[in-house]
Amino acid sequence: MTSKFMWASFFLISASSFGQEGGRGGGGAPSIADDATEQQIKSAVATVRVGRKLTPASWSNGARVAVCFTVDIDNETLQRRNPLPVPLSGGEYGATTGLPRILALLDHEQIPATFFIPAMSAMLHPEMIPAILKNSRNDIGLHGWVHESWPSITDMALEERLLDQSIEYLTRATGTRPIGVRAPSSAFSLHSLELIRKAGLQYDSSLMGMDEPYEIMSNGKRAGIIEIPMSNILNDYEYYGENATGALPSPEALFEIYKGEFDLAYRERTLVSIMLHPHVSGHRSRVLQVEKFIDYMKSKPDVWFASMREVAAYIRKQDGSLREQTKQ
Ligand SMILES: [Zn+2]
């Protein structure tokens, strides 16, 4: 994902060099009026809400914390609206160098990850998917057709068509139907949850209502979708931005943030999900800090490194009511 907040601030600086994904787009939700009633307030926020916690008493093999690395392969998609050679090459770096470097690290550490891939990224670099699937524990999830902003698509039928064709594309490319999604820029429209449900997906990782997995509620009803939340605190893009100038912040500062997030998750026995972008964190000085972070986590006992597919499967195995709910 790339945060809408980030885009908003970049737009102020240089609208022309980024040229896309500004703020909330045209398809946002109706605002809550100054004189809204309690009923109006409650119904205005009801489309997607936090339901019950889904963290099990313990994770696989008695682990006290689950750690999910996620890799959003945005690459050239972020230059889609103004595809000029130099910024495109910054996106290409994600495929040629960033992703192979991250995969080599994960392979060396023997830990799986979840890769959210816009279909456009897979089209431009078809070699990425076989490279990811060399580790059979890795999970590939949806991240849009061309990293389109769902709230900006005011036509629900078009949003559905793009979701469906993204599923078809990844199914063909990977040989397995995806079960998870992270919305491009982590941005839901008011229709997105309904479309995700209709498509039969099992988990989402776009929301940030808690630090641990929860069931999504929609208009007071259980949606049967497992939310494995993301957090902008663990999103490399928030710190380094698009230009990868390498100036600041120090990659070492990010290690301290990663460490703090992990330490409290470990104490609270929940989950950490880390978001990397290959064209951002795949740079040399940054990947070294990711490696240091993995080594730090590995120095603790009872840590389960898992893909989001594995986390969702584990939760569903523990929770019969969720299985029943999803069948409806
Ligand atoms: Zn993204």
# chains A, B, ... in the order shown; residues from 1 in each chain; ligands from 1
call {"tool": "select_by_dssp", "arguments": {"residues": "region 34-264 of chain A", "states": "alpha helix (DSSP H)", "output": "PyMOL selection string"}}
result
chain A and resi 38-44+85-93+99-109+119-124+128-133+156-174+192-198+236-240+251-264
call {"tool": "write_last_selection", "arguments": {"atoms": "C-alpha atoms", "output": "compact mmCIF listing (two decimals), in the first residue's frame"}}
result
# COMPACT_ATOMS: atom_id res chain seq x y z
CA GLU A 38 -27.10 9.63 16.88
CA GLN A 39 -28.75 7.33 14.37
CA GLN A 40 -27.18 9.15 11.43
CA ILE A 41 -23.77 9.07 13.08
CA LYS A 42 -23.98 5.35 13.77
CA SER A 43 -25.22 4.46 10.34
CA ALA A 44 -22.59 6.65 8.62
CA PRO A 85 11.15 6.73 -17.99
CA VAL A 86 13.06 7.88 -14.94
CA PRO A 87 10.38 7.45 -12.27
CA LEU A 88 9.35 4.20 -13.97
CA SER A 89 12.90 2.95 -13.55
CA GLY A 90 12.58 3.58 -9.81
CA GLY A 91 9.61 1.21 -9.86
CA GLU A 92 11.40 -1.31 -12.04
CA TYR A 93 14.10 -1.47 -9.39
CA LEU A 99 12.30 -8.22 -4.65
CA PRO A 100 15.17 -10.64 -5.40
CA ARG A 101 17.07 -9.17 -2.46
CA ILE A 102 14.10 -9.51 -0.10
CA LEU A 103 13.43 -13.05 -1.32
CA ALA A 104 17.08 -13.97 -0.76
CA LEU A 105 16.85 -12.65 2.79
CA LEU A 106 13.61 -14.50 3.55
CA ASP A 107 15.03 -17.64 2.01
CA HIS A 108 18.20 -17.36 4.06
CA GLU A 109 16.14 -16.82 7.23
CA ALA A 119 -1.92 -7.59 -11.83
CA MET A 120 -0.02 -4.83 -13.68
CA SER A 121 3.15 -5.58 -11.72
CA ALA A 122 2.88 -9.28 -12.57
CA MET A 123 2.33 -8.46 -16.26
CA LEU A 124 5.46 -6.33 -16.47
CA MET A 128 8.45 -12.52 -10.00
CA ILE A 129 5.66 -15.00 -9.29
CA PRO A 130 7.69 -18.19 -9.91
CA ALA A 131 10.48 -16.68 -7.81
CA ILE A 132 8.05 -16.06 -4.94
CA LEU A 133 6.48 -19.50 -5.22
CA MET A 156 -19.68 -0.52 -8.23
CA ALA A 157 -19.92 -2.74 -11.33
CA LEU A 158 -16.54 -1.48 -12.52
CA GLU A 159 -14.99 -2.03 -9.10
CA GLU A 160 -16.34 -5.59 -9.17
CA ARG A 161 -15.06 -6.22 -12.69
CA LEU A 162 -11.55 -5.05 -11.76
CA LEU A 163 -11.57 -7.22 -8.64
CA ASP A 164 -12.76 -10.25 -10.61
CA GLN A 165 -10.23 -9.83 -13.37
CA SER A 166 -7.45 -9.38 -10.81
CA ILE A 167 -8.50 -12.67 -9.20
CA GLU A 168 -8.55 -14.39 -12.59
CA TYR A 169 -5.15 -13.00 -13.51
CA LEU A 170 -3.46 -14.10 -10.29
CA THR A 171 -5.21 -17.47 -10.38
CA ARG A 172 -3.81 -18.10 -13.86
CA ALA A 173 -0.35 -16.81 -12.99
CA THR A 174 0.01 -18.70 -9.70
CA SER A 192 -15.34 -3.03 -1.28
CA LEU A 193 -16.20 -5.25 1.68
CA GLU A 194 -19.32 -6.52 -0.01
CA LEU A 195 -17.38 -7.30 -3.19
CA ILE A 196 -14.62 -9.06 -1.25
CA ARG A 197 -17.23 -11.23 0.46
CA LYS A 198 -18.97 -11.99 -2.80
CA ASP A 236 8.21 1.41 5.13
CA TYR A 237 6.63 3.80 2.64
CA GLU A 238 5.60 6.18 5.38
CA TYR A 239 9.21 6.75 6.32
CA TYR A 240 11.13 6.51 3.08
CA PRO A 251 17.29 3.01 8.43
CA GLU A 252 18.55 2.34 11.97
CA ALA A 253 15.72 4.47 13.34
CA LEU A 254 13.28 2.17 11.59
CA PHE A 255 14.82 -0.83 13.29
CA GLU A 256 14.04 0.75 16.66
CA ILE A 257 10.41 1.26 15.64
CA TYR A 258 10.12 -2.30 14.32
CA LYS A 259 11.64 -3.59 17.54
CA GLY A 260 9.23 -1.64 19.75
CA GLU A 261 6.23 -2.90 17.81
CA PHE A 262 7.45 -6.46 18.11
CA ASP A 263 8.33 -6.18 21.82
CA LEU A 264 4.83 -5.16 22.84
call {"tool": "select_by_dssp", "arguments": {"residues": "region 86-234 of chain A", "states": "strand (DSSP E)", "output": "PyMOL selection string"}}
result
chain A and resi 113-117+139-142+180-181+203-204+214-218+221-227
call {"tool": "write_last_selection", "arguments": {"atoms": "N, CA and C atoms", "output": "PDB file, in the first residue's frame"}}
result
ATOM      1  N   ALA A 113       6.383 -15.276   3.633  1.00  0.00           N
ATOM      2  CA  ALA A 113       5.787 -13.938   3.607  1.00  0.00           C
ATOM      3  C   ALA A 113       4.572 -13.950   2.690  1.00  0.00           C
ATOM      4  N   THR A 114       3.831 -12.858   2.767  1.00  0.00           N
ATOM      5  CA  THR A 114       2.656 -12.672   1.910  1.00  0.00           C
ATOM      6  C   THR A 114       2.958 -11.548   0.936  1.00  0.00           C
ATOM      7  N   PHE A 115       2.690 -11.800  -0.336  1.00  0.00           N
ATOM      8  CA  PHE A 115       3.037 -10.838  -1.384  1.00  0.00           C
ATOM      9  C   PHE A 115       1.750 -10.349  -2.040  1.00  0.00           C
ATOM     10  N   PHE A 116       1.454  -9.082  -1.867  1.00  0.00           N
ATOM     11  CA  PHE A 116       0.271  -8.493  -2.485  1.00  0.00           C
ATOM     12  C   PHE A 116       0.701  -7.859  -3.813  1.00  0.00           C
ATOM     13  N   ILE A 117       0.127  -8.384  -4.903  1.00  0.00           N
ATOM     14  CA  ILE A 117       0.638  -8.012  -6.226  1.00  0.00           C
ATOM     15  C   ILE A 117      -0.469  -7.453  -7.109  1.00  0.00           C
ATOM     16  N   ASP A 139       2.584 -16.790   0.280  1.00  0.00           N
ATOM     17  CA  ASP A 139       1.193 -16.542  -0.074  1.00  0.00           C
ATOM     18  C   ASP A 139       1.154 -15.342  -1.026  1.00  0.00           C
ATOM     19  N   ILE A 140       0.328 -15.450  -2.068  1.00  0.00           N
ATOM     20  CA  ILE A 140       0.169 -14.316  -2.984  1.00  0.00           C
ATOM     21  C   ILE A 140      -1.266 -13.816  -2.892  1.00  0.00           C
ATOM     22  N   GLY A 141      -1.425 -12.535  -2.580  1.00  0.00           N
ATOM     23  CA  GLY A 141      -2.752 -11.946  -2.435  1.00  0.00           C
ATOM     24  C   GLY A 141      -2.976 -10.804  -3.420  1.00  0.00           C
ATOM     25  N   LEU A 142      -4.217 -10.353  -3.459  1.00  0.00           N
ATOM     26  CA  LEU A 142      -4.639  -9.328  -4.421  1.00  0.00           C
ATOM     27  C   LEU A 142      -4.213  -7.931  -3.970  1.00  0.00           C
ATOM     28  N   GLY A 180      -6.721 -13.866  -0.142  1.00  0.00           N
ATOM     29  CA  GLY A 180      -6.547 -12.656   0.659  1.00  0.00           C
ATOM     30  C   GLY A 180      -6.349 -11.430  -0.205  1.00  0.00           C
ATOM     31  N   VAL A 181      -6.571 -10.280   0.391  1.00  0.00           N
ATOM     32  CA  VAL A 181      -6.473  -9.025  -0.343  1.00  0.00           C
ATOM     33  C   VAL A 181      -5.943  -7.926   0.571  1.00  0.00           C
ATOM     34  N   TYR A 203      -9.600 -13.452   3.862  1.00  0.00           N
ATOM     35  CA  TYR A 203      -9.027 -12.439   4.753  1.00  0.00           C
ATOM     36  C   TYR A 203      -8.714 -11.162   3.994  1.00  0.00           C
ATOM     37  N   ASP A 204      -8.660 -10.084   4.774  1.00  0.00           N
ATOM     38  CA  ASP A 204      -8.264  -8.788   4.257  1.00  0.00           C
ATOM     39  C   ASP A 204      -7.133  -8.258   5.136  1.00  0.00           C
ATOM     40  N   TYR A 214      -9.074  -9.605  13.751  1.00  0.00           N
ATOM     41  CA  TYR A 214     -10.454  -9.490  14.216  1.00  0.00           C
ATOM     42  C   TYR A 214     -11.403  -9.814  13.081  1.00  0.00           C
ATOM     43  N   GLU A 215     -12.643 -10.065  13.458  1.00  0.00           N
ATOM     44  CA  GLU A 215     -13.652 -10.293  12.430  1.00  0.00           C
ATOM     45  C   GLU A 215     -14.276  -8.955  12.047  1.00  0.00           C
ATOM     46  N   ILE A 216     -14.458  -8.752  10.755  1.00  0.00           N
ATOM     47  CA  ILE A 216     -15.072  -7.503  10.288  1.00  0.00           C
ATOM     48  C   ILE A 216     -16.588  -7.594  10.481  1.00  0.00           C
ATOM     49  N   MET A 217     -17.145  -6.503  10.987  1.00  0.00           N
ATOM     50  CA  MET A 217     -18.600  -6.364  11.101  1.00  0.00           C
ATOM     51  C   MET A 217     -19.079  -5.383  10.035  1.00  0.00           C
ATOM     52  N   SER A 218     -20.237  -5.660   9.484  1.00  0.00           N
ATOM     53  CA  SER A 218     -20.794  -4.743   8.496  1.00  0.00           C
ATOM     54  C   SER A 218     -22.268  -4.504   8.801  1.00  0.00           C
ATOM     55  N   LYS A 221     -23.725  -6.758  11.332  1.00  0.00           N
ATOM     56  CA  LYS A 221     -23.674  -8.215  11.126  1.00  0.00           C
ATOM     57  C   LYS A 221     -22.238  -8.680  10.918  1.00  0.00           C
ATOM     58  N   ARG A 222     -21.982  -9.907  11.323  1.00  0.00           N
ATOM     59  CA  ARG A 222     -20.657 -10.480  11.102  1.00  0.00           C
ATOM     60  C   ARG A 222     -20.426 -10.684   9.604  1.00  0.00           C
ATOM     61  N   ALA A 223     -19.292 -10.206   9.125  1.00  0.00           N
ATOM     62  CA  ALA A 223     -19.021 -10.333   7.689  1.00  0.00           C
ATOM     63  C   ALA A 223     -18.341 -11.655   7.348  1.00  0.00           C
ATOM     64  N   GLY A 224     -17.831 -12.359   8.364  1.00  0.00           N
ATOM     65  CA  GLY A 224     -17.170 -13.637   8.097  1.00  0.00           C
ATOM     66  C   GLY A 224     -15.797 -13.486   7.456  1.00  0.00           C
ATOM     67  N   ILE A 225     -15.292 -12.269   7.387  1.00  0.00           N
ATOM     68  CA  ILE A 225     -13.957 -12.014   6.813  1.00  0.00           C
ATOM     69  C   ILE A 225     -12.991 -11.764   7.969  1.00  0.00           C
ATOM     70  N   ILE A 226     -11.846 -12.430   7.902  1.00  0.00           N
ATOM     71  CA  ILE A 226     -10.813 -12.225   8.920  1.00  0.00           C
ATOM     72  C   ILE A 226     -10.003 -10.988   8.543  1.00  0.00           C
ATOM     73  N   GLU A 227      -9.920 -10.043   9.434  1.00  0.00           N
ATOM     74  CA  GLU A 227      -9.033  -8.900   9.206  1.00  0.00           C
ATOM     75  C   GLU A 227      -7.700  -9.186   9.889  1.00  0.00           C
TER      76      GLU A 227
END
call {"tool": "closest_atom_pairs", "arguments": {"of": "chain A", "to": "ligand 1", "cutoff": "9 Å", "atoms": "only C-alpha atoms and all ligand atoms", "output": "CSV"}}
result
residue,atom,partner,partner_atom_place_in_ligand_line,distance
A:Met1,CA,ligand 1,1 (Zn),2.9
A:Thr2,CA,ligand 1,1 (Zn),5.0
A:Ser3,CA,ligand 1,1 (Zn),8.3
A:Asp72,CA,ligand 1,1 (Zn),5.4
A:Ile73,CA,ligand 1,1 (Zn),6.7
A:Asp74,CA,ligand 1,1 (Zn),5.0
A:Asn75,CA,ligand 1,1 (Zn),8.6
A:Thr77,CA,ligand 1,1 (Zn),8.4
A:Leu78,CA,ligand 1,1 (Zn),8.0
A:Phe116,CA,ligand 1,1 (Zn),7.9
A:Ile117,CA,ligand 1,1 (Zn),8.1
A:Pro118,CA,ligand 1,1 (Zn),7.8
A:His143,CA,ligand 1,1 (Zn),6.6
A:Gly144,CA,ligand 1,1 (Zn),8.5
A:His147,CA,ligand 1,1 (Zn),6.3
A:Arg182,CA,ligand 1,1 (Zn),8.0
A:Ala183,CA,ligand 1,1 (Zn),7.5
A:Pro184,CA,ligand 1,1 (Zn),4.8
A:Ser185,CA,ligand 1,1 (Zn),5.0
A:Ser186,CA,ligand 1,1 (Zn),7.3
A:His277,CA,ligand 1,1 (Zn),7.9
call {"tool": "atom_distance", "arguments": {"atom1": "CA of Ser60 (chain A)", "atom2": "CA of Tyr314 (chain A)"}}
result
7.4 Å
call {"tool": "closest_residue", "arguments": {"among": "A:Lys134, A:His191, A:Arg286, A:Arg316", "to": "Val48 (chain A)", "atoms": "only C-alpha atoms"}}
result
A:His191
call {"tool": "atom_distance", "arguments": {"atom1": "CA of Ser189 (chain A)", "atom2": "CA of Ile153 (chain A)"}}
result
7.9 Å
call {"tool": "closest_residue", "arguments": {"among": "A:Val303, A:Val311, A:Leu276, A:Ala36", "to": "Gly62 (chain A)", "atoms": "only C-alpha atoms"}}
result
A:Val303
call {"tool": "closest_residue", "arguments": {"among": "A:Ile233, A:Leu288, A:Gly94, A:Lys300", "to": "Val71 (chain A)", "atoms": "only C-alpha atoms"}}
result
A:Gly94
call {"tool": "residues_around", "arguments": {"residues": "Leu190 (chain A)", "least_positions_apart": "4", "cutoff": "8 Å", "atoms": "only C-alpha atoms", "output": "compact mmCIF listing (two decimals) with C-alpha atoms, in the first residue's frame"}}
result
# COMPACT_ATOMS: atom_id res chain seq x y z
CA GLY A 28 -15.53 9.06 -0.82
CA ALA A 29 -18.30 8.57 1.69
CA THR A 47 -20.24 -0.26 6.65
CA PRO A 151 -12.89 4.83 -3.48
call {"tool": "residues_around", "arguments": {"residues": "Ile111 (chain A)", "least_positions_apart": "5", "cutoff": "12 Å", "atoms": "only C-alpha atoms", "output": "list in words"}}
result
Ala66, Val67, Cys68, Phe69, Thr70, Ile102, Leu103, Ala104, Leu105, Leu106, Asn135, Ser136, Arg137, Asn138, Asp139, Glu291, Ile294, Asp295, Met297, Lys298, Val303, Trp304, Phe305, Ala306 and Ser307 of chain A
call {"tool": "write_last_selection", "arguments": {"atoms": "C-alpha atoms", "output": "short mmCIF file (atom, residue, chain, number, x, y, z; two decimals), in the first residue's frame"}}
result
data_model
loop_
_atom_site.label_atom_id
_atom_site.label_comp_id
_atom_site.auth_asym_id
_atom_site.auth_seq_id
_atom_site.Cartn_x
_atom_site.Cartn_y
_atom_site.Cartn_z
CA ALA A 66 2.66 -14.45 15.03
CA VAL A 67 4.85 -12.41 12.68
CA CYS A 68 3.62 -11.71 9.15
CA PHE A 69 5.93 -10.10 6.66
CA THR A 70 3.97 -8.61 3.79
CA ILE A 102 14.10 -9.51 -0.10
CA LEU A 103 13.43 -13.05 -1.32
CA ALA A 104 17.08 -13.97 -0.76
CA LEU A 105 16.85 -12.65 2.79
CA LEU A 106 13.61 -14.50 3.55
CA ASN A 135 8.95 -21.20 -1.20
CA SER A 136 5.68 -23.14 -1.01
CA ARG A 137 4.75 -21.40 2.27
CA ASN A 138 4.62 -18.01 0.57
CA ASP A 139 1.19 -16.54 -0.07
CA GLU A 291 17.66 -8.52 8.43
CA ILE A 294 14.46 -10.68 11.81
CA ASP A 295 17.55 -11.74 13.74
CA MET A 297 12.91 -11.61 16.64
CA LYS A 298 14.59 -14.95 16.13
CA VAL A 303 7.75 -16.73 17.63
CA TRP A 304 5.71 -18.04 14.68
CA PHE A 305 6.74 -16.57 11.33
CA ALA A 306 3.77 -17.18 9.08
CA SER A 307 2.14 -16.07 5.87
#
call {"tool": "atom_distance", "arguments": {"atom1": "CA of Ser250 (chain A)", "atom2": "CA of Val290 (chain A)"}}
result
12.8 Å
call {"tool": "closest_residue", "arguments": {"among": "A:Ala265, A:Val50, A:Thr176, A:Trp145", "to": "Gly220 (chain A)", "atoms": "only C-alpha atoms"}}
result
A:Val50
call {"tool": "decode", "arguments": {"residues": "region 43-123 of chain A", "atoms": "C-alpha atoms", "output": "JSON list (two decimals), in the first residue's frame"}}
result
[["chain", "number", "residue", "atom", "x", "y", "z"],
["A", 43, "SER", "CA", -25.22, 4.46, 10.34],
["A", 44, "ALA", "CA", -22.59, 6.65, 8.62],
["A", 45, "VAL", "CA", -19.78, 4.56, 10.10],
["A", 46, "ALA", "CA", -21.45, 1.16, 9.97],
["A", 47, "THR", "CA", -20.24, -0.26, 6.65],
["A", 48, "VAL", "CA", -16.98, -1.64, 8.02],
["A", 49, "ARG", "CA", -16.38, -1.93, 11.75],
["A", 50, "VAL", "CA", -14.25, -3.90, 14.19],
["A", 51, "GLY", "CA", -15.85, -7.09, 15.47],
["A", 52, "ARG", "CA", -14.57, -9.63, 17.95],
["A", 53, "LYS", "CA", -10.89, -10.42, 18.40],
["A", 54, "LEU", "CA", -9.68, -13.54, 16.62],
["A", 55, "THR", "CA", -6.30, -13.98, 18.27],
["A", 56, "PRO", "CA", -6.20, -17.58, 19.54],
["A", 57, "ALA", "CA", -5.02, -18.52, 23.03],
["A", 58, "SER", "CA", -1.78, -19.54, 21.42],
["A", 59, "TRP", "CA", -0.46, -19.68, 17.88],
["A", 60, "SER", "CA", 0.86, -22.69, 16.02],
["A", 61, "ASN", "CA", 3.04, -24.94, 18.19],
["A", 62, "GLY", "CA", 2.27, -22.86, 21.26],
["A", 63, "ALA", "CA", 3.88, -19.69, 19.89],
["A", 64, "ARG", "CA", 3.04, -16.49, 21.74],
["A", 65, "VAL", "CA", 3.26, -14.15, 18.77],
["A", 66, "ALA", "CA", 2.66, -14.45, 15.03],
["A", 67, "VAL", "CA", 4.85, -12.41, 12.68],
["A", 68, "CYS", "CA", 3.62, -11.71, 9.15],
["A", 69, "PHE", "CA", 5.93, -10.10, 6.66],
["A", 70, "THR", "CA", 3.97, -8.61, 3.79],
["A", 71, "VAL", "CA", 5.44, -7.28, 0.58],
["A", 72, "ASP", "CA", 3.35, -4.92, -1.55],
["A", 73, "ILE", "CA", 4.77, -5.13, -5.05],
["A", 74, "ASP", "CA", 3.70, -1.74, -6.34],
["A", 75, "ASN", "CA", 6.73, -1.11, -8.56],
["A", 76, "GLU", "CA", 5.77, 0.81, -11.73],
["A", 77, "THR", "CA", 2.06, 1.00, -10.86],
["A", 78, "LEU", "CA", 2.70, 4.13, -8.81],
["A", 79, "GLN", "CA", 3.80, 5.94, -11.97],
["A", 80, "ARG", "CA", 0.78, 4.86, -13.98],
["A", 81, "ARG", "CA", -0.72, 8.27, -14.48],
["A", 82, "ASN", "CA", 2.48, 9.83, -15.73],
["A", 83, "PRO", "CA", 4.66, 6.98, -16.91],
["A", 84, "LEU", "CA", 7.92, 8.71, -17.69],
["A", 85, "PRO", "CA", 11.15, 6.73, -17.99],
["A", 86, "VAL", "CA", 13.06, 7.88, -14.94],
["A", 87, "PRO", "CA", 10.38, 7.45, -12.27],
["A", 88, "LEU", "CA", 9.35, 4.20, -13.97],
["A", 89, "SER", "CA", 12.90, 2.95, -13.55],
["A", 90, "GLY", "CA", 12.58, 3.58, -9.81],
["A", 91, "GLY", "CA", 9.61, 1.21, -9.86],
["A", 92, "GLU", "CA", 11.40, -1.31, -12.04],
["A", 93, "TYR", "CA", 14.10, -1.47, -9.39],
["A", 94, "GLY", "CA", 11.53, -3.23, -7.20],
["A", 95, "ALA", "CA", 11.36, -6.12, -9.67],
["A", 96, "THR", "CA", 14.98, -6.28, -10.79],
["A", 97, "THR", "CA", 16.70, -5.78, -7.47],
["A", 98, "GLY", "CA", 14.44, -5.10, -4.47],
["A", 99, "LEU", "CA", 12.30, -8.22, -4.65],
["A", 100, "PRO", "CA", 15.17, -10.64, -5.40],
["A", 101, "ARG", "CA", 17.07, -9.17, -2.46],
["A", 102, "ILE", "CA", 14.10, -9.51, -0.10],
["A", 103, "LEU", "CA", 13.43, -13.05, -1.32],
["A", 104, "ALA", "CA", 17.08, -13.97, -0.76],
["A", 105, "LEU", "CA", 16.85, -12.65, 2.79],
["A", 106, "LEU", "CA", 13.61, -14.50, 3.55],
["A", 107, "ASP", "CA", 15.03, -17.64, 2.01],
["A", 108, "HIS", "CA", 18.20, -17.36, 4.06],
["A", 109, "GLU", "CA", 16.14, -16.82, 7.23],
["A", 110, "GLN", "CA", 13.70, -19.55, 6.18],
["A", 111, "ILE", "CA", 10.62, -17.49, 6.84],
["A", 112, "PRO", "CA", 7.53, -17.14, 4.64],
["A", 113, "ALA", "CA", 5.79, -13.94, 3.61],
["A", 114, "THR", "CA", 2.66, -12.67, 1.91],
["A", 115, "PHE", "CA", 3.04, -10.84, -1.38],
["A", 116, "PHE", "CA", 0.27, -8.49, -2.48],
["A", 117, "ILE", "CA", 0.64, -8.01, -6.23],
["A", 118, "PRO", "CA", -1.28, -5.70, -8.56],
["A", 119, "ALA", "CA", -1.92, -7.59, -11.83],
["A", 120, "MET", "CA", -0.02, -4.83, -13.68],
["A", 121, "SER", "CA", 3.15, -5.58, -11.72],
["A", 122, "ALA", "CA", 2.88, -9.28, -12.57],
["A", 123, "MET", "CA", 2.33, -8.46, -16.26]]
